[in-house]
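Undergrad: Pasting start_15.pdb below, which is PDB, N, CA and C atoms and all ligand atoms.
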ATOM      1  N   MET J   1     -30.709  14.464 -22.396
ATOM      2  CA  MET J   1     -30.501  14.834 -20.983
ATOM      3  C   MET J   1     -29.638  13.790 -20.286
ATOM      4  N   SER J   2     -28.685  14.218 -19.511
ATOM      5  CA  SER J   2     -27.845  13.239 -18.839
ATOM      6  C   SER J   2     -28.538  12.671 -17.610
ATOM      7  N   GLN J   3     -28.137  11.445 -17.314
ATOM      8  CA  GLN J   3     -28.661  10.769 -16.143
ATOM      9  C   GLN J   3     -27.526  10.603 -15.156
ATOM     10  N   TRP J   4     -27.862  10.192 -13.954
ATOM     11  CA  TRP J   4     -26.816  10.056 -12.930
ATOM     12  C   TRP J   4     -26.230   8.652 -12.870
ATOM     13  N   PHE J   5     -26.747   7.748 -13.697
ATOM     14  CA  PHE J   5     -26.161   6.404 -13.722
ATOM     15  C   PHE J   5     -26.323   5.777 -15.088
ATOM     16  N   SER J   6     -25.513   4.773 -15.311
ATOM     17  CA  SER J   6     -25.610   3.984 -16.526
ATOM     18  C   SER J   6     -25.263   2.547 -16.159
ATOM     19  N   VAL J   7     -25.886   1.602 -16.836
ATOM     20  CA  VAL J   7     -25.560   0.194 -16.603
ATOM     21  C   VAL J   7     -25.327  -0.484 -17.947
ATOM     22  N   SER J   8     -24.509  -1.510 -17.932
ATOM     23  CA  SER J   8     -24.201  -2.222 -19.165
ATOM     24  C   SER J   8     -25.260  -3.281 -19.446
ATOM     25  N   VAL J   9     -25.227  -3.795 -20.640
ATOM     26  CA  VAL J   9     -25.992  -4.994 -20.967
ATOM     27  C   VAL J   9     -25.371  -6.121 -20.126
ATOM     28  N   PRO J  10     -26.180  -7.032 -19.546
ATOM     29  CA  PRO J  10     -25.601  -8.125 -18.751
ATOM     30  C   PRO J  10     -24.535  -8.899 -19.524
ATOM     31  N   GLY J  11     -23.423  -9.179 -18.854
ATOM     32  CA  GLY J  11     -22.340  -9.948 -19.462
ATOM     33  C   GLY J  11     -21.352  -9.121 -20.266
ATOM     34  N   ARG J  12     -21.622  -7.838 -20.470
ATOM     35  CA  ARG J  12     -20.720  -6.980 -21.240
ATOM     36  C   ARG J  12     -19.894  -6.109 -20.302
ATOM     37  N   THR J  13     -18.683  -5.743 -20.728
ATOM     38  CA  THR J  13     -17.839  -4.887 -19.895
ATOM     39  C   THR J  13     -17.881  -3.432 -20.350
ATOM     40  N   ASN J  14     -18.668  -3.147 -21.386
ATOM     41  CA  ASN J  14     -18.765  -1.755 -21.824
ATOM     42  C   ASN J  14     -20.160  -1.199 -21.539
ATOM     43  N   LEU J  15     -20.194   0.105 -21.331
ATOM     44  CA  LEU J  15     -21.476   0.784 -21.139
ATOM     45  C   LEU J  15     -21.405   2.145 -21.808
ATOM     46  N   LEU J  16     -22.566   2.768 -21.951
ATOM     47  CA  LEU J  16     -22.610   4.110 -22.524
ATOM     48  C   LEU J  16     -22.563   5.106 -21.371
ATOM     49  N   CYS J  17     -21.596   6.013 -21.396
ATOM     50  CA  CYS J  17     -21.443   7.000 -20.326
ATOM     51  C   CYS J  17     -22.758   7.757 -20.119
ATOM     52  N   ALA J  18     -23.152   7.884 -18.846
ATOM     53  CA  ALA J  18     -24.401   8.580 -18.512
ATOM     54  C   ALA J  18     -24.344  10.052 -18.909
ATOM     55  N   MET J  19     -23.160  10.632 -18.968
ATOM     56  CA  MET J  19     -23.025  12.058 -19.251
ATOM     57  C   MET J  19     -22.848  12.356 -20.744
ATOM     58  N   CYS J  20     -21.955  11.621 -21.403
ATOM     59  CA  CYS J  20     -21.634  11.970 -22.793
ATOM     60  C   CYS J  20     -22.135  10.936 -23.799
ATOM     61  N   GLY J  21     -22.555   9.782 -23.318
ATOM     62  CA  GLY J  21     -23.090   8.766 -24.218
ATOM     63  C   GLY J  21     -22.041   7.959 -24.968
ATOM     64  N   ASN J  22     -20.763   8.264 -24.729
ATOM     65  CA  ASN J  22     -19.706   7.501 -25.401
ATOM     66  C   ASN J  22     -19.618   6.093 -24.833
ATOM     67  N   ASP J  23     -19.194   5.184 -25.686
ATOM     68  CA  ASP J  23     -19.017   3.808 -25.273
ATOM     69  C   ASP J  23     -17.727   3.699 -24.457
ATOM     70  N   VAL J  24     -17.854   3.237 -23.224
ATOM     71  CA  VAL J  24     -16.698   3.103 -22.335
ATOM     72  C   VAL J  24     -16.516   1.625 -22.023
ATOM     73  N   ASP J  25     -15.355   1.087 -22.366
ATOM     74  CA  ASP J  25     -15.097  -0.323 -22.074
ATOM     75  C   ASP J  25     -14.257  -0.428 -20.804
ATOM     76  N   LEU J  26     -14.826  -1.033 -19.776
ATOM     77  CA  LEU J  26     -14.126  -1.156 -18.493
ATOM     78  C   LEU J  26     -13.248  -2.398 -18.456
ATOM     79  N   ARG J  27     -13.315  -3.179 -19.507
ATOM     80  CA  ARG J  27     -12.446  -4.338 -19.742
ATOM     81  C   ARG J  27     -12.655  -5.517 -18.797
ATOM     82  N   SER J  28     -12.784  -5.280 -17.497
ATOM     83  CA  SER J  28     -12.993  -6.418 -16.605
ATOM     84  C   SER J  28     -13.830  -5.975 -15.414
ATOM     85  N   PRO J  29     -14.547  -6.915 -14.808
ATOM     86  CA  PRO J  29     -15.354  -6.581 -13.631
ATOM     87  C   PRO J  29     -14.473  -6.063 -12.495
ATOM     88  N   SER J  30     -15.023  -5.182 -11.681
ATOM     89  CA  SER J  30     -14.285  -4.626 -10.556
ATOM     90  C   SER J  30     -15.267  -4.204  -9.474
ATOM     91  N   VAL J  31     -14.864  -4.295  -8.218
ATOM     92  CA  VAL J  31     -15.720  -3.810  -7.140
ATOM     93  C   VAL J  31     -15.137  -2.530  -6.550
ATOM     94  N   ASP J  32     -14.188  -1.957  -7.265
ATOM     95  CA  ASP J  32     -13.553  -0.720  -6.842
ATOM     96  C   ASP J  32     -14.578   0.418  -6.831
ATOM     97  N   HIS J  33     -14.688   1.140  -5.721
ATOM     98  CA  HIS J  33     -15.639   2.252  -5.671
ATOM     99  C   HIS J  33     -14.900   3.591  -5.547
ATOM    100  N   ASP J  34     -13.612   3.583  -5.862
ATOM    101  CA  ASP J  34     -12.830   4.816  -5.802
ATOM    102  C   ASP J  34     -13.265   5.785  -6.902
ATOM    103  N   PRO J  35     -13.013   7.097  -6.680
ATOM    104  CA  PRO J  35     -13.359   8.078  -7.707
ATOM    105  C   PRO J  35     -12.637   7.765  -9.008
ATOM    106  N   SER J  36     -13.337   7.961 -10.109
ATOM    107  CA  SER J  36     -12.774   7.717 -11.422
ATOM    108  C   SER J  36     -13.284   8.813 -12.359
ATOM    109  N   ILE J  37     -12.859   8.759 -13.616
ATOM    110  CA  ILE J  37     -13.393   9.694 -14.599
ATOM    111  C   ILE J  37     -13.738   8.950 -15.880
ATOM    112  N   CYS J  38     -14.695   9.500 -16.605
ATOM    113  CA  CYS J  38     -15.019   8.947 -17.918
ATOM    114  C   CYS J  38     -13.840   9.279 -18.830
ATOM    115  N   PRO J  39     -13.283   8.270 -19.527
ATOM    116  CA  PRO J  39     -12.145   8.551 -20.415
ATOM    117  C   PRO J  39     -12.506   9.497 -21.555
ATOM    118  N   ALA J  40     -13.787   9.578 -21.908
ATOM    119  CA  ALA J  40     -14.201  10.437 -23.029
ATOM    120  C   ALA J  40     -14.474  11.870 -22.579
ATOM    121  N   CYS J  41     -15.336  12.067 -21.577
ATOM    122  CA  CYS J  41     -15.740  13.430 -21.194
ATOM    123  C   CYS J  41     -15.041  13.925 -19.929
ATOM    124  N   LYS J  42     -14.274  13.055 -19.281
ATOM    125  CA  LYS J  42     -13.494  13.410 -18.085
ATOM    126  C   LYS J  42     -14.356  13.808 -16.888
ATOM    127  N   ARG J  43     -15.657  13.463 -16.927
ATOM    128  CA  ARG J  43     -16.496  13.786 -15.772
ATOM    129  C   ARG J  43     -16.204  12.812 -14.646
ATOM    130  N   ASP J  44     -16.289  13.324 -13.437
ATOM    131  CA  ASP J  44     -16.065  12.546 -12.230
ATOM    132  C   ASP J  44     -17.163  11.484 -12.087
ATOM    133  N   CYS J  45     -16.772  10.239 -11.893
ATOM    134  CA  CYS J  45     -17.776   9.186 -11.721
ATOM    135  C   CYS J  45     -17.186   7.996 -10.973
ATOM    136  N   VAL J  46     -18.010   7.002 -10.770
ATOM    137  CA  VAL J  46     -17.594   5.757 -10.129
ATOM    138  C   VAL J  46     -18.001   4.618 -11.049
ATOM    139  N   PHE J  47     -17.066   3.728 -11.317
ATOM    140  CA  PHE J  47     -17.370   2.536 -12.110
ATOM    141  C   PHE J  47     -17.192   1.319 -11.218
ATOM    142  N   PHE J  48     -18.135   0.403 -11.255
ATOM    143  CA  PHE J  48     -17.958  -0.883 -10.577
ATOM    144  C   PHE J  48     -18.867  -1.898 -11.245
ATOM    145  N   SER J  49     -18.629  -3.162 -10.917
ATOM    146  CA  SER J  49     -19.499  -4.181 -11.484
ATOM    147  C   SER J  49     -20.383  -4.759 -10.387
ATOM    148  N   TRP J  50     -21.563  -5.122 -10.786
ATOM    149  CA  TRP J  50     -22.526  -5.725  -9.859
ATOM    150  C   TRP J  50     -23.167  -6.898 -10.574
ATOM    151  N   LYS J  51     -22.919  -8.083 -10.033
ATOM    152  CA  LYS J  51     -23.369  -9.311 -10.678
ATOM    153  C   LYS J  51     -22.832  -9.338 -12.115
ATOM    154  N   SER J  52     -23.680  -9.393 -13.116
ATOM    155  CA  SER J  52     -23.154  -9.519 -14.483
ATOM    156  C   SER J  52     -23.127  -8.184 -15.223
ATOM    157  N   GLN J  53     -23.328  -7.085 -14.509
ATOM    158  CA  GLN J  53     -23.392  -5.792 -15.194
ATOM    159  C   GLN J  53     -22.379  -4.792 -14.655
ATOM    160  N   MET J  54     -21.956  -3.893 -15.534
ATOM    161  CA  MET J  54     -21.116  -2.771 -15.136
ATOM    162  C   MET J  54     -22.031  -1.605 -14.782
ATOM    163  N   VAL J  55     -21.596  -0.821 -13.809
ATOM    164  CA  VAL J  55     -22.392   0.304 -13.339
ATOM    165  C   VAL J  55     -21.529   1.559 -13.325
ATOM    166  N   GLN J  56     -22.102   2.661 -13.749
ATOM    167  CA  GLN J  56     -21.449   3.973 -13.643
ATOM    168  C   GLN J  56     -22.379   4.879 -12.845
ATOM    169  N   LEU J  57     -21.837   5.537 -11.837
ATOM    170  CA  LEU J  57     -22.593   6.533 -11.071
ATOM    171  C   LEU J  57     -21.898   7.882 -11.262
ATOM    172  N   VAL J  58     -22.687   8.938 -11.438
ATOM    173  CA  VAL J  58     -22.128  10.280 -11.627
ATOM    174  C   VAL J  58     -22.627  11.184 -10.495
ATOM    175  N   PRO J  59     -21.799  11.340  -9.449
ATOM    176  CA  PRO J  59     -22.246  12.085  -8.262
ATOM    177  C   PRO J  59     -22.728  13.505  -8.558
ATOM    178  N   GLU J  60     -22.078  14.210  -9.487
ATOM    179  CA  GLU J  60     -22.431  15.625  -9.695
ATOM    180  C   GLU J  60     -23.848  15.841 -10.221
ATOM    181  N   VAL J  61     -24.444  14.833 -10.831
ATOM    182  CA  VAL J  61     -25.825  14.978 -11.293
ATOM    183  C   VAL J  61     -26.783  14.015 -10.580
ATOM    184  N   ALA J  62     -26.259  13.259  -9.608
ATOM    185  CA  ALA J  62     -27.106  12.348  -8.831
ATOM    186  C   ALA J  62     -27.974  13.166  -7.871
ATOM    187  N   PRO J  63     -29.094  12.605  -7.433
ATOM    188  CA  PRO J  63     -29.848  13.284  -6.365
ATOM    189  C   PRO J  63     -28.887  13.559  -5.208
ATOM    190  N   PRO J  64     -29.003  14.727  -4.558
ATOM    191  CA  PRO J  64     -28.017  15.106  -3.533
ATOM    192  C   PRO J  64     -27.771  14.044  -2.467
ATOM    193  N   ALA J  65     -28.820  13.363  -2.030
ATOM    194  CA  ALA J  65     -28.630  12.333  -0.995
ATOM    195  C   ALA J  65     -27.801  11.170  -1.546
ATOM    196  N   MET J  66     -28.013  10.821  -2.802
ATOM    197  CA  MET J  66     -27.235   9.742  -3.414
ATOM    198  C   MET J  66     -25.785  10.176  -3.604
ATOM    199  N   ALA J  67     -25.600  11.421  -4.024
ATOM    200  CA  ALA J  67     -24.234  11.937  -4.174
ATOM    201  C   ALA J  67     -23.511  11.900  -2.825
ATOM    202  N   ALA J  68     -24.219  12.280  -1.764
ATOM    203  CA  ALA J  68     -23.618  12.258  -0.418
ATOM    204  C   ALA J  68     -23.284  10.828  -0.006
ATOM    205  N   LEU J  69     -24.159   9.884  -0.345
ATOM    206  CA  LEU J  69     -23.916   8.471  -0.019
ATOM    207  C   LEU J  69     -22.678   7.956  -0.764
ATOM    208  N   ILE J  70     -22.566   8.317  -2.034
ATOM    209  CA  ILE J  70     -21.406   7.890  -2.831
ATOM    210  C   ILE J  70     -20.122   8.443  -2.221
ATOM    211  N   ARG J  71     -20.124   9.747  -1.923
ATOM    212  CA  ARG J  71     -18.934  10.387  -1.339
ATOM    213  C   ARG J  71     -18.579   9.775   0.013
ATOM    214  N   TRP J  72     -19.603   9.531   0.813
ATOM    215  CA  TRP J  72     -19.384   8.930   2.129
ATOM    216  C   TRP J  72     -18.780   7.533   1.974
ATOM    217  N   ALA J  73     -19.338   6.731   1.054
ATOM    218  CA  ALA J  73     -18.846   5.372   0.838
ATOM    219  C   ALA J  73     -17.389   5.387   0.373
ATOM    220  N   GLN J  74     -17.053   6.340  -0.502
ATOM    221  CA  GLN J  74     -15.673   6.437  -0.985
ATOM    222  C   GLN J  74     -14.713   6.802   0.140
ATOM    223  N   ARG J  75     -15.190   7.648   1.046
ATOM    224  CA  ARG J  75     -14.350   8.128   2.148
ATOM    225  C   ARG J  75     -14.223   7.092   3.265
ATOM    226  N   GLU J  76     -15.329   6.433   3.580
ATOM    227  CA  GLU J  76     -15.400   5.633   4.804
ATOM    228  C   GLU J  76     -15.329   4.121   4.616
ATOM    229  N   LEU J  77     -15.667   3.622   3.439
ATOM    230  CA  LEU J  77     -15.796   2.174   3.290
ATOM    231  C   LEU J  77     -14.625   1.549   2.540
ATOM    232  N   GLN J  78     -14.192   0.416   3.062
ATOM    233  CA  GLN J  78     -13.253  -0.423   2.329
ATOM    234  C   GLN J  78     -14.040  -1.119   1.217
ATOM    235  N   THR J  79     -13.324  -1.704   0.257
ATOM    236  CA  THR J  79     -13.991  -2.357  -0.864
ATOM    237  C   THR J  79     -14.996  -3.418  -0.400
ATOM    238  N   PHE J  80     -14.587  -4.266   0.561
ATOM    239  CA  PHE J  80     -15.508  -5.332   1.000
ATOM    240  C   PHE J  80     -16.738  -4.752   1.687
ATOM    241  N   GLU J  81     -16.572  -3.605   2.347
ATOM    242  CA  GLU J  81     -17.722  -2.969   2.996
ATOM    243  C   GLU J  81     -18.670  -2.357   1.955
ATOM    244  N   PHE J  82     -18.096  -1.847   0.877
ATOM    245  CA  PHE J  82     -18.910  -1.313  -0.215
ATOM    246  C   PHE J  82     -19.752  -2.432  -0.829
ATOM    247  N   VAL J  83     -19.120  -3.593  -1.019
ATOM    248  CA  VAL J  83     -19.849  -4.752  -1.551
ATOM    249  C   VAL J  83     -20.972  -5.148  -0.586
ATOM    250  N   GLU J  84     -20.659  -5.115   0.711
ATOM    251  CA  GLU J  84     -21.658  -5.434   1.734
ATOM    252  C   GLU J  84     -22.854  -4.477   1.636
ATOM    253  N   LEU J  85     -22.566  -3.182   1.419
ATOM    254  CA  LEU J  85     -23.622  -2.176   1.264
ATOM    255  C   LEU J  85     -24.495  -2.510   0.053
ATOM    256  N   LEU J  86     -23.854  -2.853  -1.069
ATOM    257  CA  LEU J  86     -24.612  -3.193  -2.278
ATOM    258  C   LEU J  86     -25.477  -4.424  -2.054
ATOM    259  N   VAL J  87     -24.917  -5.433  -1.390
ATOM    260  CA  VAL J  87     -25.663  -6.666  -1.123
ATOM    261  C   VAL J  87     -26.878  -6.349  -0.253
ATOM    262  N   SER J  88     -26.702  -5.487   0.745
ATOM    263  CA  SER J  88     -27.796  -5.131   1.649
ATOM    264  C   SER J  88     -28.895  -4.368   0.918
ATOM    265  N   LEU J  89     -28.493  -3.386   0.108
ATOM    266  CA  LEU J  89     -29.479  -2.602  -0.646
ATOM    267  C   LEU J  89     -30.216  -3.483  -1.646
ATOM    268  N   ASP J  90     -29.485  -4.401  -2.257
ATOM    269  CA  ASP J  90     -30.078  -5.321  -3.229
ATOM    270  C   ASP J  90     -31.112  -6.222  -2.551
ATOM    271  N   ALA J  91     -30.783  -6.730  -1.354
ATOM    272  CA  ALA J  91     -31.705  -7.601  -0.628
ATOM    273  C   ALA J  91     -32.977  -6.841  -0.260
ATOM    274  N   LEU J  92     -32.822  -5.609   0.201
ATOM    275  CA  LEU J  92     -33.974  -4.777   0.563
ATOM    276  C   LEU J  92     -34.826  -4.489  -0.672
ATOM    277  N   SER J  93     -34.168  -4.095  -1.742
ATOM    278  CA  SER J  93     -34.865  -3.766  -2.973
ATOM    279  C   SER J  93     -35.658  -4.961  -3.511
ATOM    280  N   LYS J  94     -35.025  -6.138  -3.481
ATOM    281  CA  LYS J  94     -35.694  -7.354  -3.952
ATOM    282  C   LYS J  94     -36.942  -7.646  -3.139
ATOM    283  N   LYS J  95     -36.809  -7.536  -1.810
ATOM    284  CA  LYS J  95     -37.937  -7.834  -0.934
ATOM    285  C   LYS J  95     -39.075  -6.844  -1.180
ATOM    286  N   LEU J  96     -38.720  -5.561  -1.340
ATOM    287  CA  LEU J  96     -39.742  -4.549  -1.606
ATOM    288  C   LEU J  96     -40.408  -4.813  -2.945
ATOM    289  N   HIS J  97     -39.604  -5.157  -3.937
ATOM    290  CA  HIS J  97     -40.133  -5.427  -5.272
ATOM    291  C   HIS J  97     -41.069  -6.628  -5.244
ATOM    292  N   ASP J  98     -40.705  -7.647  -4.450
ATOM    293  CA  ASP J  98     -41.539  -8.848  -4.346
ATOM    294  C   ASP J  98     -42.943  -8.527  -3.842
ATOM    295  N   TRP J  99     -43.063  -7.436  -3.069
ATOM    296  CA  TRP J  99     -44.353  -7.119  -2.464
ATOM    297  C   TRP J  99     -45.180  -6.161  -3.322
ATOM    298  N   LEU J 100     -44.632  -5.714  -4.420
ATOM    299  CA  LEU J 100     -45.398  -4.824  -5.287
ATOM    300  C   LEU J 100     -46.550  -5.601  -5.928
ATOM    301  N   PRO J 101     -47.710  -4.954  -6.024
ATOM    302  CA  PRO J 101     -48.813  -5.650  -6.704
ATOM    303  C   PRO J 101     -48.477  -5.885  -8.172
ATOM    304  N   ARG J 102     -48.811  -7.039  -8.651
ATOM    305  CA  ARG J 102     -48.553  -7.374 -10.049
ATOM    306  C   ARG J 102     -49.687  -6.821 -10.924
ATOM    307  N   PRO J 103     -49.311  -6.251 -12.081
ATOM    308  CA  PRO J 103     -50.360  -5.754 -12.990
ATOM    309  C   PRO J 103     -51.215  -6.920 -13.528
ATOM    310  N   GLY J 104     -52.461  -6.630 -13.828
ATOM    311  CA  GLY J 104     -53.371  -7.638 -14.395
ATOM    312  C   GLY J 104     -53.942  -8.421 -13.268
TER     313      GLY J 104
HETATM  314 ZN    ZN L 201     -18.445  10.459 -20.557
END
Here is the file; what I need is its structure written in the form of structure tokens.
TA:
Amino acid sequence: MSQWFSVSVPGRTNLLCAMCGNDVDLRSPSVDHDPSICPACKRDCVFFSWKSQMVQLVPEVAPPAMAALIRWAQRELQTFEFVELLVSLDALSKKLHDWLPRPG
């Protein structure tokens, strides 16, 4: 079953496409959030790097709200603003995660 995202192993520039599972080498980190396609299956997606990992998002199979957020970000945000959005979401996520009860 396909997923709406894929992430690389930390420090690597290649990841397995969320749609077709092919190995895609992005060659270098990038914060570009413009529309792109998987070179293997040609599905519409977004590739960018976050910290030490590459990320692929596939709007057509993402939850509708996430797909709308991706499309909105591509339309409305400059690259630095997209990075700002990621930094903000990451900070929120970290804080929420910190408050989760620990097992055991
Ligand atoms: Zn693919």
Undergrad: With only C-alpha atoms and all ligand atoms as the atoms that count, which of J:Pro39, J:Gly11, J:Asp32, J:Arg75 lies nearest to ligand ZN 201 (chain L)?
TA: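 Comparing J:Pro39, J:Gly11, J:Asp32, J:Arg75 against ligand ZN 201 (chain L), the winner is J:Pro39.
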Undergrad: Expand the PyMOL selection byres (((chain J and resi 60) around 8) and not hetatm) into the individual residues it matches in the shown file, reporting them as JSON, numbers by chain.
TA: {"J": [4, 43, 44, 45, 57, 58, 59, 61, 62, 63, 64, 67]}
Undergrad: Could you check the closest approach to Cys38 of chain J for each of J:Gln53, J:Trp72, J:Val24, J:Gln78 and tell me which residue wins, using only N, CA and C atoms?
TA: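 When distances to Cys38 of chain J are compared using only N, CA and C atoms, the smallest one comes from J:Val24.
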Undergrad: Could you list, as a VMD selection string, all residues that come within 8 Å of ligand ZN 201 (chain L)? Count only C-alpha atoms and all ligand atoms.
TA: chain J and resid 16 to 22 24 37 to 43
Undergrad: Just checking: using all atoms listed in the file, which residue out of J:Val31, J:Ala65, J:Met54, J:Val83 ends up closest to Arg12 of chain J?
TA: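 Among the listed residues, the smallest separation from Arg12 of chain J belongs to J:Met54.
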Undergrad: Quick one: pick out all strand (DSSP E or B) residues within chain J from a backbone DSSP run and write them as a PyMOL selection string.
TA: chain J and resi 5-7+14-16+23-25+36-37+44-50+53-57
Undergrad: Taking all atoms listed in the file into account, which of J:Leu96, J:Val87, J:Leu69, J:Val9 comes nearest Ser52 of chain J?
TA: J:Val9
Undergrad: Which parts of segment 50-83 of chain J does DSSP call helix (DSSP H, G or I) when run on the backbone here, written out as number ranges by chain?
TA: J: 59-61, 64-76, 79-83
Undergrad: Just the number, please: distance in Å from atom N of Pro10 of chain J to atom CA of Asp90 of chain J, one decimal.
TA: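 That distance, rounded to one decimal, is 16.9 Å.
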Undergrad: Distance atom CA of Val7 of chain J-atom CA of Leu100 of chain J, one decimal place?
TA: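 Computed distance, atom CA of Val7 of chain J to atom CA of Leu100 of chain J, equals 23.4 Å.
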